[in-house]
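Participant: Dropping a structure here in structure tokens format, bear with me for questions.
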Amino acid sequence: MKFDIHPNMSPVSTQERENILRDPGFGTVFTDHMAMIKYSDDKGWHDAQITARAPIALDPATSVLHYAQEIFEGMKAYRTENGASLFRPDENARRFQKSAQRMAMPLLPEDLFVESVKQLVKIDQDWIPQIEGGSLYLRPFMFASEVFLGVRPAKEYIYMVIASPAGGYFKSGSPAISIWVSEDYSRAANGGTGAAKCGGNYAASLSAQAEAIENGCDQVVFLDAAERKWVEELGGMNLFFLFDDKTVITPPLSGTILPGITRNSIITLLRDKGYDVKEAPYSIDQWRSDANDGALKEVFACGTAAVVTSVGQICSREGNFTIGNGGPGDLTAELRDQITNIQRCAGPDPYGWAVKLDA
């Protein structure tokens, strides 16, 4: 499918854009354009275009507003010497399809997903910050656009991609984040939508995240919904635990955890480094015990927004405990550097994960 390109006739001025890119924050400012493709049961996918970013007009009875048929992805574009690059966009495309399948939505072809992202990055490439750690955060999403009130899958959908220049994700500036253990809230249950990247999962995490902030923590960690003992994931990141025998544990993908693309990449990197990576259940009680007796050397969280981030302190109503010396771990820093170098085409990429987009 060919994209019709309609450049924004009133883009942000060069001076204003440069001022923004000096300190873009995260998710608060947006580029000049957006990608959009429509779907209907009778036409299939059609009307692909790149156009000026603008508000969406929705009828009050639009299906998504009532039944929450909505999914999204998170990915980034990075500045390179000769243009820009993407990191494993085919994996985002496949996960987007799996999310759509779980939410009874049409499957967007992988090549169309990737092409929509490439086209948007191409036209808004000047929005990629040149500051250290800067990137262009990309948000592909799809929602039910049919106007009706009834509990059934919609017959019409809109797929879009918007972009936002991004700096650092965490505001604290600490080299290691602190985590609050949620005892009152669950993120997902077996048979639910935990493995789908849909807005409802994140809405359900907000009260717990607010509780974490109230207790002086950066993030919240969720336990399983059935026994309330097994560590699952943070509000938006997967977890890894490094032990003194070079064993690494990460919670298994049992249907309640989002299959992170950074998570998958880290497993590959660790195994190639000789670590024994186990996708296995790990309890909060064992976490506390292993940290206190020194068997647990590092804990890190990973995701598109924060890449790889050290976890220094765990806080809960039962008391707090610290991982190692509470600072960033050596393996965490090594993995972060390796992944970011691959993403920016600044180091070896034996896996072919970086997709280059020439200027």
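In the structure tokens, the first chain shown is A, the next is B, and so on; residue numbers restart at 1 for each chain, and ligands run from 1 in the order shown.
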Among segment 215-284 of chain A, which residues does DSSP mark as strand (DSSP E or B) when it is run on the backbone? Keep the chain and numbering as in the structure and answer as a list in words.

Facilitator: Gln219, Val220, Val221, Phe222, Leu223, Trp230, Val231, Glu232, Glu233, Leu234, Asn238, Leu239, Phe240, Phe241, Leu242, Phe243, Thr247, Val248, Ile249, Thr250, Asp276, Val277, Lys278, Glu279 and Ser283 of chain A

Participant: Compile a residue-level contact table for segment 44-142 of chain A against segment 12-32 of chain A at a cut-off of 8 Å, reporting for every qualifying residue the shortest atom pair and its distance in Å to one decimal, with only C-alpha atoms counted, rows ordered by chain and ascending number, as a Markdown table.

Facilitator:
| residue | atom | partner | partner_atom | distance |
| --- | --- | --- | --- | --- |
| A:Ala52 | CA | A:Asp32 | CA | 5.9 |
| A:Arg53 | CA | A:Asp32 | CA | 5.6 |
| A:Asp124 | CA | A:Thr31 | CA | 6.6 |
| A:Trp127 | CA | A:Thr31 | CA | 6.6 |
| A:Ile128 | CA | A:Leu21 | CA | 7.8 |
| A:Pro129 | CA | A:Leu21 | CA | 5.3 |
| A:Gln130 | CA | A:Leu21 | CA | 7.6 |
| A:Ile131 | CA | A:Arg22 | CA | 6.8 |
| A:Tyr137 | CA | A:Gly27 | CA | 7.7 |

Participant: May I have the residues within 7 Å of segment 215-232 of chain A as a PyMOL selection string, using only C-alpha atoms and disregarding those fewer than 2 positions away in the same chain?

Facilitator: chain A and resi 177-182+186-189+208-209+211-213+234-235+251+257+281-284

Participant: Which residue gives the smallest distance to Leu357 of chain A among A:Cys345, A:Ala295, A:Ala93, A:Ala166, with only C-alpha atoms counted?

Facilitator: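 Nearest to Leu357 of chain A: A:Cys345.
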
Participant: Counting only C-alpha atoms, which of A:Gln125, A:Pro259, A:Tyr185, A:Val114 gets nearest to Thr304 of chain A?

Facilitator: A:Pro259

Participant: Can you tell me, as a ChimeraX atom specification, which residues in segment 187-224 of chain A count as alpha helix (DSSP H) by DSSP?

Facilitator: /A:199-203,206-214

Participant: Write the residues of the selection above to a file with N, CA and C atoms, as a CSV table (one decimal), in the first residue's frame.

Facilitator:
chain,number,residue,atom,x,y,z
A,199,GLY,N,-4.6,-0.1,26.5
A,199,GLY,CA,-4.6,1.0,27.5
A,199,GLY,C,-5.2,0.6,28.8
A,200,GLY,N,-6.1,-0.3,28.9
A,200,GLY,CA,-6.8,-0.7,30.1
A,200,GLY,C,-5.8,-1.2,31.1
A,201,ASN,N,-4.7,-2.0,30.7
A,201,ASN,CA,-3.7,-2.5,31.6
A,201,ASN,C,-3.0,-1.3,32.3
A,202,TYR,N,-2.8,-0.3,31.6
A,202,TYR,CA,-2.0,0.9,32.2
A,202,TYR,C,-2.9,1.7,33.1
A,203,ALA,N,-4.2,1.8,32.7
A,203,ALA,CA,-5.2,2.5,33.5
A,203,ALA,C,-5.3,1.9,34.9
A,206,LEU,N,-2.5,2.8,37.5
A,206,LEU,CA,-2.3,4.2,37.9
A,206,LEU,C,-2.4,4.4,39.4
A,207,SER,N,-3.4,3.8,40.0
A,207,SER,CA,-3.6,4.0,41.4
A,207,SER,C,-2.4,3.4,42.2
A,208,ALA,N,-1.9,2.3,41.8
A,208,ALA,CA,-0.7,1.7,42.4
A,208,ALA,C,0.5,2.6,42.2
A,209,GLN,N,0.6,3.1,41.0
A,209,GLN,CA,1.8,4.0,40.7
A,209,GLN,C,1.7,5.3,41.6
A,210,ALA,N,0.5,5.8,41.7
A,210,ALA,CA,0.3,7.0,42.6
A,210,ALA,C,0.7,6.6,44.0
A,211,GLU,N,0.4,5.4,44.5
A,211,GLU,CA,0.8,5.0,45.8
A,211,GLU,C,2.3,4.9,45.9
A,212,ALA,N,2.9,4.5,44.9
A,212,ALA,CA,4.4,4.4,44.9
A,212,ALA,C,5.0,5.8,45.0
A,213,ILE,N,4.5,6.8,44.3
A,213,ILE,CA,5.0,8.1,44.3
A,213,ILE,C,4.7,8.7,45.7
A,214,GLU,N,3.6,8.4,46.3
A,214,GLU,CA,3.3,8.9,47.7
A,214,GLU,C,4.3,8.4,48.7

Participant: For Glu70 of chain A, work out the shell of residues within 12 Å, counting only C-alpha atoms and skipping chain neighbours fewer than 6 positions away, then give it as an NGL selection string.

Facilitator: :A and (62-64 or 96 or 99-106 or 140-145 or 153-154 or 157-160 or 193 or 196-202)

Participant: Here is a test: counting only C-alpha atoms, which residue of A:Ala54, A:Leu138, A:Cys302, A:Ile249 is nearest to Asn92 of chain A?

Facilitator: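 Ranked by minimum distance to Asn92 of chain A, first place goes to A:Leu138.
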